[in-house]
Amino acid sequence: MPPNLLEQGLQLMLVGMGTVFTFLTLLVLAMSLMAAIIQRLTPAAANDEVSSEEIAAISAAIAEHRKAP
């Protein structure tokens with residue numbers, strides 16, 4: 001006896017959902033792998049401190065901006 005329409009629909013649904021789940025899982029794994037590779041290849045910031053000259057320049061720029069109408 002051939003499978004009826006409801007059984008075929010359920011089978012198609014499961015195959016489709018399984019395919020999408022597999023693809024999305026592979027996509028997440030690929031993105032995680034690429035993020036790990038990028039973090040290894042990019043050099044870490046050597047100096048995170050802000051110099052007094054940079055603070056003075058930023059303060060002057062803010063003061064100048066606030067004066068503008």
# chains A, B, ... in the order shown; residues from 1 in each chain; ligands from 1
>>> select_by_dssp(residues="chain A", states="helix (DSSP H, G or I)", output="number ranges by chain")
A: 5-41, 52-67
